[in-house]
file data_25.txt (compact mmCIF, C-alpha atoms)
# COMPACT_ATOMS: atom_id res chain seq x y z
CA MET A 1 -89.90 73.12 -29.91
CA THR A 2 -91.79 69.87 -29.29
CA LYS A 3 -90.25 66.49 -28.59
CA GLN A 4 -91.04 65.39 -32.15
CA MET A 5 -89.27 68.47 -33.48
CA THR A 6 -86.16 67.80 -31.41
CA LEU A 7 -86.11 64.19 -32.62
CA THR A 8 -86.40 65.40 -36.21
CA THR A 9 -83.63 67.93 -35.57
CA MET A 10 -81.38 65.17 -34.28
CA ASP A 11 -81.96 63.27 -37.52
CA LEU A 12 -80.85 66.39 -39.43
CA ILE A 13 -77.81 66.70 -37.17
CA GLU A 14 -76.76 63.10 -37.78
CA LYS A 15 -77.10 63.54 -41.52
CA LYS A 16 -75.04 66.74 -41.44
CA ILE A 17 -72.30 65.37 -39.18
CA SER A 18 -72.00 62.14 -41.16
CA GLU A 19 -71.37 64.19 -44.32
CA THR A 20 -68.97 66.55 -42.55
CA LEU A 21 -67.09 63.57 -41.14
CA LYS A 22 -66.13 62.50 -44.66
CA LYS A 23 -64.40 65.84 -45.19
CA VAL A 24 -63.11 66.88 -41.76
CA LYS A 25 -62.16 63.35 -40.61
CA ASP A 26 -59.95 63.63 -37.53
CA GLY A 27 -59.17 67.31 -38.14
CA LEU A 28 -59.76 69.81 -35.38
CA PRO A 29 -62.03 72.49 -36.84
CA HIS A 30 -62.58 75.87 -35.29
CA THR A 31 -64.39 78.05 -37.80
CA ALA A 32 -65.94 78.06 -41.26
CA SER A 33 -66.59 81.27 -43.16
CA LYS A 34 -69.26 81.76 -45.81
CA ASP A 35 -67.73 79.09 -48.06
CA GLY A 36 -68.82 76.56 -45.45
CA VAL A 37 -65.46 74.76 -45.26
CA TYR A 38 -64.14 74.10 -41.77
CA ASP A 39 -60.50 74.91 -41.03
CA ASP A 40 -58.08 72.63 -39.14
CA THR A 41 -56.53 74.20 -36.08
CA LYS A 42 -53.69 73.26 -33.73
CA PRO A 43 -54.37 70.66 -31.00
CA SER A 44 -53.45 73.30 -28.40
CA TRP A 45 -56.10 75.77 -29.60
CA TRP A 46 -58.91 76.06 -27.07
CA THR A 47 -61.58 74.73 -29.44
CA SER A 48 -59.77 71.51 -30.37
CA GLY A 49 -61.98 69.26 -28.22
CA PHE A 50 -65.37 70.25 -29.62
CA TRP A 51 -65.30 68.21 -32.84
CA PRO A 52 -64.35 64.95 -31.09
CA GLY A 53 -66.87 65.91 -28.38
CA ILE A 54 -69.61 65.97 -31.03
CA LEU A 55 -68.47 62.57 -32.29
CA TRP A 56 -68.41 61.01 -28.80
CA ASN A 57 -71.91 62.36 -28.15
CA LEU A 58 -73.25 60.84 -31.36
CA TYR A 59 -71.36 57.57 -30.91
CA ASP A 60 -72.82 57.10 -27.44
CA GLN A 61 -76.32 57.73 -28.74
CA THR A 62 -76.10 55.72 -31.96
CA GLY A 63 -73.32 53.15 -31.49
CA LYS A 64 -71.96 53.98 -34.96
CA GLU A 65 -68.31 52.91 -35.11
CA GLU A 66 -67.38 55.63 -37.62
CA TYR A 67 -67.92 58.24 -34.92
CA LYS A 68 -65.87 56.34 -32.35
CA LYS A 69 -62.99 55.59 -34.72
CA THR A 70 -62.56 59.21 -35.74
CA ALA A 71 -63.03 60.54 -32.20
CA LEU A 72 -60.30 58.21 -30.93
CA SER A 73 -57.94 59.47 -33.60
CA ALA A 74 -58.64 63.08 -32.64
CA ASN A 75 -58.23 62.20 -28.94
CA LYS A 76 -54.78 60.78 -29.59
CA LYS A 77 -53.75 63.82 -31.63
CA ILE A 78 -54.64 66.22 -28.80
CA ALA A 79 -53.14 64.03 -26.05
CA SER A 80 -49.87 63.55 -27.95
CA TYR A 81 -49.54 67.29 -28.55
CA PHE A 82 -50.26 67.97 -24.87
CA ARG A 83 -47.50 65.57 -23.89
CA GLU A 84 -44.96 67.21 -26.19
CA TYR A 85 -46.01 70.86 -26.17
CA GLN A 86 -47.70 71.36 -22.81
CA GLU A 87 -46.44 74.95 -22.61
CA GLN A 88 -48.84 75.86 -25.43
CA PHE A 89 -51.91 74.89 -23.38
CA ASP A 90 -53.71 77.01 -20.79
CA HIS A 91 -56.85 76.97 -18.61
CA ASP A 92 -58.90 75.62 -21.50
CA VAL A 93 -57.64 72.07 -20.96
CA GLY A 94 -61.11 71.60 -19.45
CA PHE A 95 -62.79 72.18 -22.80
CA GLN A 96 -60.15 70.07 -24.54
CA PHE A 97 -59.97 67.01 -22.30
CA LEU A 98 -63.49 66.76 -20.87
CA LEU A 99 -64.73 66.28 -24.42
CA THR A 100 -61.99 63.85 -25.44
CA ALA A 101 -60.22 61.73 -22.81
CA VAL A 102 -62.86 62.11 -20.10
CA TYR A 103 -65.73 61.45 -22.49
CA HIS A 104 -63.96 58.32 -23.74
CA TYR A 105 -63.32 57.11 -20.20
CA GLU A 106 -66.91 57.70 -19.08
CA ILE A 107 -68.29 55.80 -22.06
CA THR A 108 -65.84 52.90 -22.18
CA GLY A 109 -63.94 52.85 -18.88
CA ASN A 110 -60.63 53.17 -20.74
CA GLU A 111 -57.92 53.56 -18.09
CA ASP A 112 -55.44 55.33 -20.35
CA SER A 113 -58.00 58.05 -21.08
CA LYS A 114 -58.68 58.33 -17.35
CA ARG A 115 -54.95 58.90 -16.79
CA ILE A 116 -54.84 61.57 -19.49
CA GLY A 117 -57.86 63.31 -17.95
CA ILE A 118 -56.20 63.36 -14.53
CA GLU A 119 -52.99 64.70 -16.09
CA ALA A 120 -54.99 67.55 -17.62
CA ALA A 121 -56.67 68.22 -14.25
CA ASN A 122 -53.24 68.37 -12.59
CA PHE A 123 -52.16 70.91 -15.18
CA LEU A 124 -55.26 73.03 -14.56
CA ALA A 125 -54.86 72.82 -10.78
CA GLY A 126 -51.22 73.86 -11.19
CA ARG A 127 -52.39 77.20 -12.59
CA PHE A 128 -54.09 78.11 -9.31
CA ASN A 129 -52.90 81.27 -7.55
CA PRO A 130 -53.46 80.60 -3.82
CA ILE A 131 -53.11 84.19 -2.63
CA GLY A 132 -55.63 85.49 -5.17
CA ARG A 133 -57.77 82.35 -5.13
CA PHE A 134 -58.04 82.12 -8.91
CA ILE A 135 -56.87 79.99 -11.82
CA LYS A 136 -54.84 82.10 -14.21
CA SER A 137 -56.13 82.02 -17.74
CA TRP A 138 -53.14 82.85 -19.94
CA ASP A 139 -49.42 82.75 -19.25
CA ARG A 140 -48.93 86.15 -20.88
CA ALA A 141 -50.89 87.75 -18.04
CA ALA A 142 -50.35 85.97 -14.73
CA GLY A 143 -53.13 87.90 -12.99
CA TRP A 144 -55.86 87.61 -15.60
CA VAL A 145 -59.01 85.55 -15.07
CA ILE A 146 -61.70 85.13 -17.73
CA VAL A 147 -65.33 84.13 -17.45
CA ASP A 148 -64.85 81.21 -19.87
CA CYS A 149 -62.89 79.30 -17.22
CA LEU A 150 -66.06 78.63 -15.24
CA MET A 151 -66.73 75.88 -17.78
CA ASN A 152 -63.31 74.31 -17.24
CA LEU A 153 -63.97 73.75 -13.54
CA SER A 154 -65.95 70.59 -14.33
CA LEU A 155 -62.64 68.87 -15.07
CA LEU A 156 -61.55 69.45 -11.47
CA PHE A 157 -64.78 68.07 -10.02
CA TRP A 158 -64.44 65.03 -12.25
CA ALA A 159 -60.85 64.51 -11.06
CA SER A 160 -61.94 64.67 -7.41
CA ARG A 161 -64.64 62.11 -8.11
CA VAL A 162 -62.40 59.57 -9.84
CA THR A 163 -59.35 60.00 -7.57
CA GLY A 164 -61.07 60.63 -4.24
CA ASP A 165 -58.82 63.68 -3.76
CA PRO A 166 -60.85 66.76 -2.68
CA ARG A 167 -58.11 69.26 -3.55
CA TYR A 168 -59.24 69.52 -7.17
CA LYS A 169 -62.78 70.54 -6.28
CA GLN A 170 -61.53 72.84 -3.51
CA ILE A 171 -59.58 74.80 -6.12
CA ALA A 172 -62.65 74.92 -8.37
CA ILE A 173 -64.80 76.30 -5.55
CA LEU A 174 -62.29 79.00 -4.63
CA HIS A 175 -61.98 80.10 -8.24
CA ALA A 176 -65.76 80.16 -8.77
CA ASP A 177 -66.17 82.26 -5.60
CA THR A 178 -63.55 84.76 -6.75
CA PHE A 179 -65.24 85.27 -10.10
CA LEU A 180 -68.64 85.51 -8.44
CA LYS A 181 -67.35 88.27 -6.15
CA TYR A 182 -65.68 90.41 -8.80
CA GLY A 183 -67.07 89.32 -12.17
CA VAL A 184 -70.86 89.04 -11.72
CA ARG A 185 -72.60 92.38 -11.42
CA GLU A 186 -75.72 93.10 -9.40
CA ASP A 187 -77.84 93.29 -12.55
CA GLY A 188 -76.77 89.81 -13.68
CA SER A 189 -74.34 90.87 -16.39
CA THR A 190 -70.76 89.60 -16.30
CA CYS A 191 -67.24 90.82 -17.05
CA HIS A 192 -65.05 89.02 -19.56
CA ILE A 193 -61.61 89.62 -18.01
CA LEU A 194 -60.70 90.32 -14.39
CA SER A 195 -57.21 91.61 -13.64
CA PHE A 196 -55.52 90.84 -10.31
CA ASP A 197 -52.06 91.53 -8.92
CA PRO A 198 -50.57 88.02 -9.05
CA GLU A 199 -48.21 88.80 -6.14
CA THR A 200 -50.75 90.14 -3.66
CA GLY A 201 -54.01 88.79 -5.08
CA GLU A 202 -55.51 92.28 -5.03
CA PHE A 203 -58.24 92.97 -7.58
CA ILE A 204 -57.20 95.69 -10.04
CA GLU A 205 -59.89 96.13 -12.68
CA ALA A 206 -62.31 94.59 -15.14
CA LEU A 207 -61.33 94.61 -18.81
CA GLY A 208 -63.59 94.53 -21.85
CA GLY A 209 -61.82 91.64 -23.56
CA GLN A 210 -64.08 90.27 -26.25
CA GLY A 211 -66.95 92.45 -25.04
CA PHE A 212 -67.87 95.93 -26.26
CA SER A 213 -66.43 97.63 -23.16
CA PRO A 214 -65.41 96.86 -19.55
CA ASP A 215 -68.95 97.58 -18.34
CA SER A 216 -70.81 95.95 -21.24
CA SER A 217 -72.51 92.57 -21.37
CA TRP A 218 -70.74 90.21 -23.77
CA SER A 219 -73.36 87.61 -24.62
CA ARG A 220 -71.08 84.56 -24.85
CA GLY A 221 -69.47 85.46 -21.53
CA ASN A 222 -72.89 85.54 -19.91
CA ALA A 223 -73.64 82.18 -21.54
CA TRP A 224 -70.51 80.62 -20.02
CA ALA A 225 -71.52 81.99 -16.62
CA ILE A 226 -75.12 80.72 -16.77
CA TYR A 227 -73.88 77.24 -17.58
CA GLY A 228 -70.81 77.36 -15.34
CA TYR A 229 -72.68 78.34 -12.19
CA ALA A 230 -75.47 75.86 -12.91
CA ASN A 231 -72.74 73.22 -13.01
CA MET A 232 -71.25 74.55 -9.77
CA TYR A 233 -74.61 74.14 -8.04
CA ARG A 234 -74.96 70.62 -9.40
CA PHE A 235 -71.52 69.70 -8.06
CA THR A 236 -71.74 71.40 -4.65
CA GLY A 237 -75.39 72.03 -3.76
CA ASP A 238 -74.38 75.55 -2.67
CA GLU A 239 -77.39 77.83 -3.18
CA LYS A 240 -75.32 80.90 -4.06
CA TYR A 241 -74.30 79.28 -7.36
CA LEU A 242 -77.90 78.52 -8.26
CA MET A 243 -78.87 82.11 -7.50
CA ALA A 244 -75.98 83.38 -9.63
CA SER A 245 -76.95 81.22 -12.60
CA LYS A 246 -80.58 82.34 -12.34
CA LYS A 247 -79.68 86.01 -12.05
CA ILE A 248 -77.41 85.90 -15.11
CA ALA A 249 -80.02 83.90 -17.04
CA HIS A 250 -82.72 86.47 -16.30
CA GLN A 251 -80.51 89.32 -17.53
CA PHE A 252 -79.64 87.34 -20.66
CA LEU A 253 -83.24 86.47 -21.49
CA ALA A 254 -84.41 90.04 -20.88
CA SER A 255 -81.79 91.24 -23.38
CA LEU A 256 -82.76 88.94 -26.24
CA PRO A 257 -84.24 90.23 -29.49
CA GLU A 258 -87.48 88.79 -30.83
CA ASP A 259 -85.91 85.71 -32.43
CA PHE A 260 -84.15 84.63 -29.17
CA VAL A 261 -80.63 84.77 -30.68
CA PRO A 262 -78.51 87.47 -29.01
CA TYR A 263 -76.39 90.18 -30.49
CA TRP A 264 -72.73 89.56 -29.73
CA ASP A 265 -72.90 92.06 -26.83
CA HIS A 266 -76.18 92.99 -25.19
CA ARG A 267 -74.95 96.58 -24.68
CA ALA A 268 -73.14 97.30 -27.93
CA SER A 269 -73.92 100.71 -29.44
CA SER A 270 -76.19 100.85 -32.52
CA ILE A 271 -77.06 97.30 -31.64
CA GLU A 272 -79.47 96.70 -34.53
CA THR A 273 -76.53 96.90 -36.94
CA GLU A 274 -74.31 94.60 -34.89
CA PRO A 275 -73.83 90.87 -35.62
CA ARG A 276 -75.61 88.12 -33.73
CA ASP A 277 -73.84 85.27 -31.98
CA SER A 278 -75.46 81.90 -32.58
CA SER A 279 -72.79 80.25 -30.42
CA ALA A 280 -73.85 82.30 -27.39
CA ALA A 281 -77.43 81.22 -28.03
CA ALA A 282 -76.47 77.54 -28.23
CA ILE A 283 -74.35 77.63 -25.06
CA THR A 284 -77.15 79.42 -23.21
CA ALA A 285 -79.76 76.93 -24.37
CA SER A 286 -77.75 74.01 -23.02
CA GLY A 287 -76.99 75.91 -19.82
CA LEU A 288 -80.67 76.75 -19.32
CA ILE A 289 -81.57 73.07 -19.60
CA GLU A 290 -78.98 72.32 -16.93
CA LEU A 291 -80.44 75.10 -14.80
CA ALA A 292 -83.96 73.74 -15.31
CA ASN A 293 -82.76 70.42 -13.92
CA GLN A 294 -81.63 72.12 -10.70
CA VAL A 295 -84.54 74.41 -9.79
CA PRO A 296 -87.81 73.52 -8.02
CA GLN A 297 -90.52 71.95 -10.16
CA ASN A 298 -92.61 75.12 -10.38
CA GLU A 299 -89.65 77.02 -11.91
CA LYS A 300 -88.49 74.45 -14.45
CA ARG A 301 -90.73 75.63 -17.28
CA ILE A 302 -89.23 79.15 -17.16
CA TYR A 303 -85.80 77.94 -18.23
CA LEU A 304 -86.83 74.92 -20.27
CA ASN A 305 -89.29 76.91 -22.38
CA ALA A 306 -86.65 79.56 -23.04
CA ALA A 307 -84.15 76.89 -24.09
CA ARG A 308 -86.70 75.36 -26.46
CA LYS A 309 -87.40 78.75 -28.06
CA ILE A 310 -83.68 79.38 -28.56
CA VAL A 311 -82.94 76.03 -30.21
CA LYS A 312 -86.08 76.30 -32.33
CA SER A 313 -84.92 79.67 -33.66
CA LEU A 314 -81.40 78.37 -34.26
CA SER A 315 -82.73 75.39 -36.17
CA LYS A 316 -85.15 77.46 -38.23
CA HIS A 317 -83.13 80.61 -38.95
CA TYR A 318 -79.44 79.90 -38.29
CA SER A 319 -78.87 76.35 -39.55
CA THR A 320 -77.47 74.90 -42.77
CA TRP A 321 -80.00 72.10 -43.30
CA ASP A 322 -80.66 73.38 -46.83
CA GLN A 323 -76.95 73.77 -47.61
CA PRO A 324 -75.58 70.23 -47.96
CA GLU A 325 -72.14 71.47 -49.00
CA HIS A 326 -71.78 73.51 -45.77
CA GLN A 327 -69.77 71.57 -43.18
CA ALA A 328 -71.08 73.37 -40.08
CA VAL A 329 -74.49 73.15 -38.45
CA LEU A 330 -74.94 76.81 -37.44
CA ILE A 331 -74.13 80.12 -39.12
CA GLU A 332 -73.85 83.69 -37.80
CA GLY A 333 -71.53 83.06 -34.90
CA THR A 334 -69.27 85.81 -33.58
CA GLY A 335 -65.82 84.95 -32.26
CA HIS A 336 -63.96 88.18 -31.40
CA ARG A 337 -65.88 91.22 -32.60
CA PRO A 338 -63.50 93.92 -31.23
CA LYS A 339 -60.63 92.41 -33.25
CA GLY A 340 -62.84 91.59 -36.22
CA ASN A 341 -62.00 87.89 -35.98
CA PHE A 342 -64.52 85.17 -36.92
CA VAL A 343 -67.50 87.50 -37.35
CA ASN A 344 -70.59 86.08 -39.06
CA ALA A 345 -68.89 82.70 -39.11
CA SER A 346 -69.68 79.13 -38.18
CA LEU A 347 -68.00 78.16 -34.91
CA ILE A 348 -67.40 74.58 -33.81
CA TYR A 349 -68.38 75.28 -30.21
CA GLY A 350 -71.69 76.70 -31.42
CA ASP A 351 -72.32 73.41 -33.20
CA TYR A 352 -71.24 71.41 -30.15
CA TYR A 353 -73.57 73.15 -27.68
CA PHE A 354 -76.47 73.18 -30.12
CA ILE A 355 -76.12 69.40 -30.53
CA GLU A 356 -75.70 69.02 -26.77
CA ALA A 357 -78.88 71.02 -26.14
CA ILE A 358 -80.90 68.98 -28.63
CA SER A 359 -79.50 65.79 -27.09
CA LYS A 360 -80.60 66.92 -23.62
CA LEU A 361 -84.08 67.78 -24.84
CA ASN A 362 -84.28 64.26 -26.24
CA GLY A 363 -83.41 62.81 -22.83
CA TYR A 364 -79.67 62.25 -23.25
CA ASN A 365 -78.02 63.46 -20.04
CA LYS A 366 -75.58 60.65 -19.44
CA TYR A 367 -72.24 62.43 -19.70
CA ILE A 368 -72.89 66.13 -19.57
CA PHE A 369 -69.95 67.87 -17.94

call {"tool": "encode", "arguments": {"input": "data_25.txt", "output": "structure tokens"}}
result
Amino acid sequence: MTKQMTLTTMDLIEKKISETLKKVKDGLPHTASKDGVYDDTKPSWWTSGFWPGILWNLYDQTGKEEYKKTALSANKKIASYFREYQEQFDHDVGFQFLLTAVYHYEITGNEDSKRIGIEAANFLAGRFNPIGRFIKSWDRAAGWVIVDCLMNLSLLFWASRVTGDPRYKQIAILHADTFLKYGVREDGSTCHILSFDPETGEFIEALGGQGFSPDSSWSRGNAWAIYGYANMYRFTGDEKYLMASKKIAHQFLASLPEDFVPYWDHRASSIETEPRDSSAAAITASGLIELANQVPQNEKRIYLNAARKIVKSLSKHYSTWDQPEHQAVLIEGTGHRPKGNFVNASLIYGDYYFIEAISKLNGYNKYIF
């Protein structure tokens, strides 16, 4: 995908989001099925920050007040719910508040949004298990850790930066090290869920979670890990995180079909009949661009070219440019295949990371978390 193509794609994105804005407004969409209509989910649901995150991204690039006004309304909705129903939130406050309060603060310097971001970081840090050196994912399983949380660690590094308190980033580093030890395999594939004894910190087992099996290679989990460890290297300069991101990226790229959009699990049986996951492709593309920014000059093209091929395929084969009534950007996402939830659907986080990747390719790297 050339620079002119990415600029043209951004024009298509703006047109699509402007139309969707008229219908979604300050709702908090998660998924749209084949009818193309986005739902409206609870503010505590893990995907609630992605729609306002899209709007903040476009506002910062275009200055259009309609994006800012609606994003602010969504920000307030999520923050108010967090204040009143904090027990419904979990480790995904990173996804939710990096893309709302923190984004607003970084763009405008708003002190109230800074306070909300720090409150969310305190909540995330409070989930840390010191004996096991991990952040628990869900309250229903005090010893469970999932690969997705690698993306939430950016909130802790941000909090250390704005407060000057190193404890936030120290927790992030310990958690990232624990997942690296137990959740990243030698071949570069990753586990979705790790189970620990919350009393002793002892590792028990890996669980399949949203993957095909405990020893499979769930494509979106690998995408989170590529991006998460690239971020960890950016924040710390520790070479082991760069090596981890590269290793996972190589396994992911080697597993891709010809059109560069993965099946939902690289190791699912009868894979040719299994659904794709456009969201995993979008997350990986943005993560590969981040990785390309961290490696030596003679390696950059490896990851940048792969990212360009992924977003080109998404734009050409998995987009809704010719479906003006469709509210999402991408189709053929897979949420939770083992449970049969959100299969062959549009997913708001797929849209977010696709737009983020295109923005990066166009030179927008100002507030990438």

call {"tool": "residues_near_point", "arguments": {"input": "data_25.txt", "point": "(-59.8, 89.8, -10.4)", "cutoff": "12 Å", "atoms": "all atoms listed in the file", "output": "NGL selection string"}}
result
:A and (129 or 131-137 or 141-147 or 175-184 or 191-198 or 200-207)

call {"tool": "atom_distance", "arguments": {"input": "data_25.txt", "atom1": "CA of Leu98 (chain A)", "atom2": "CA of Pro296 (chain A)"}}
result
28.3 Å

call {"tool": "atom_distance", "arguments": {"input": "data_25.txt", "atom1": "CA of Val311 (chain A)", "atom2": "CA of Ala282 (chain A)"}}
result
6.9 Å

call {"tool": "atom_distance", "arguments": {"input": "data_25.txt", "atom1": "CA of Phe252 (chain A)", "atom2": "CA of Trp138 (chain A)"}}
result
26.9 Å

call {"tool": "residues_around", "arguments": {"input": "data_25.txt", "residues": "Met151 (chain A)", "least_positions_apart": "6", "cutoff": "8 Å", "atoms": "only C-alpha atoms", "output": "number ranges by chain"}}
result
A: 94-95, 224-225, 227-228

call {"tool": "decode", "arguments": {"input": "data_25.txt", "residues": "region 271-286 of chain A", "atoms": "N, CA and C atoms", "output": "mmCIF file, in the first residue's frame"}}
result
data_model
loop_
_atom_site.group_PDB
_atom_site.id
_atom_site.type_symbol
_atom_site.label_atom_id
_atom_site.label_comp_id
_atom_site.auth_asym_id
_atom_site.auth_seq_id
_atom_site.Cartn_x
_atom_site.Cartn_y
_atom_site.Cartn_z
ATOM 1 N N ILE A 271 -8.658 -25.949 8.843
ATOM 2 C CA ILE A 271 -8.559 -24.489 8.920
ATOM 3 C C ILE A 271 -9.187 -23.772 7.731
ATOM 4 N N GLU A 272 -9.188 -24.387 6.566
ATOM 5 C CA GLU A 272 -9.735 -23.713 5.384
ATOM 6 C C GLU A 272 -11.230 -23.435 5.501
ATOM 7 N N THR A 273 -11.897 -24.146 6.402
ATOM 8 C CA THR A 273 -13.338 -23.926 6.600
ATOM 9 C C THR A 273 -13.617 -23.013 7.792
ATOM 10 N N GLU A 274 -12.577 -22.596 8.474
ATOM 11 C CA GLU A 274 -12.740 -21.759 9.662
ATOM 12 C C GLU A 274 -12.832 -20.281 9.278
ATOM 13 N N PRO A 275 -13.450 -19.451 10.149
ATOM 14 C CA PRO A 275 -13.564 -18.025 9.846
ATOM 15 C C PRO A 275 -12.248 -17.279 10.006
ATOM 16 N N ARG A 276 -12.128 -16.179 9.307
ATOM 17 C CA ARG A 276 -10.981 -15.286 9.458
ATOM 18 C C ARG A 276 -11.217 -14.380 10.667
ATOM 19 N N ASP A 277 -10.213 -13.592 10.988
ATOM 20 C CA ASP A 277 -10.387 -12.556 12.003
ATOM 21 C C ASP A 277 -9.716 -11.274 11.526
ATOM 22 N N SER A 278 -10.526 -10.394 10.946
ATOM 23 C CA SER A 278 -10.002 -9.118 10.459
ATOM 24 C C SER A 278 -9.483 -8.254 11.604
ATOM 25 N N SER A 279 -10.033 -8.428 12.806
ATOM 26 C CA SER A 279 -9.557 -7.625 13.942
ATOM 27 C C SER A 279 -8.124 -8.006 14.302
ATOM 28 N N ALA A 280 -7.820 -9.306 14.272
ATOM 29 C CA ALA A 280 -6.446 -9.745 14.551
ATOM 30 C C ALA A 280 -5.484 -9.177 13.515
ATOM 31 N N ALA A 281 -5.933 -9.120 12.270
ATOM 32 C CA ALA A 281 -5.093 -8.536 11.219
ATOM 33 C C ALA A 281 -4.821 -7.062 11.490
ATOM 34 N N ALA A 282 -5.864 -6.322 11.862
ATOM 35 C CA ALA A 282 -5.717 -4.881 12.090
ATOM 36 C C ALA A 282 -4.803 -4.595 13.271
ATOM 37 N N ILE A 283 -4.990 -5.338 14.363
ATOM 38 C CA ILE A 283 -4.140 -5.151 15.552
ATOM 39 C C ILE A 283 -2.685 -5.447 15.198
ATOM 40 N N THR A 284 -2.477 -6.540 14.462
ATOM 41 C CA THR A 284 -1.122 -6.919 14.077
ATOM 42 C C THR A 284 -0.481 -5.856 13.188
ATOM 43 N N ALA A 285 -1.244 -5.331 12.240
ATOM 44 C CA ALA A 285 -0.690 -4.303 11.354
ATOM 45 C C ALA A 285 -0.191 -3.111 12.155
ATOM 46 N N SER A 286 -0.997 -2.642 13.102
ATOM 47 C CA SER A 286 -0.571 -1.495 13.905
ATOM 48 C C SER A 286 0.616 -1.860 14.788
#
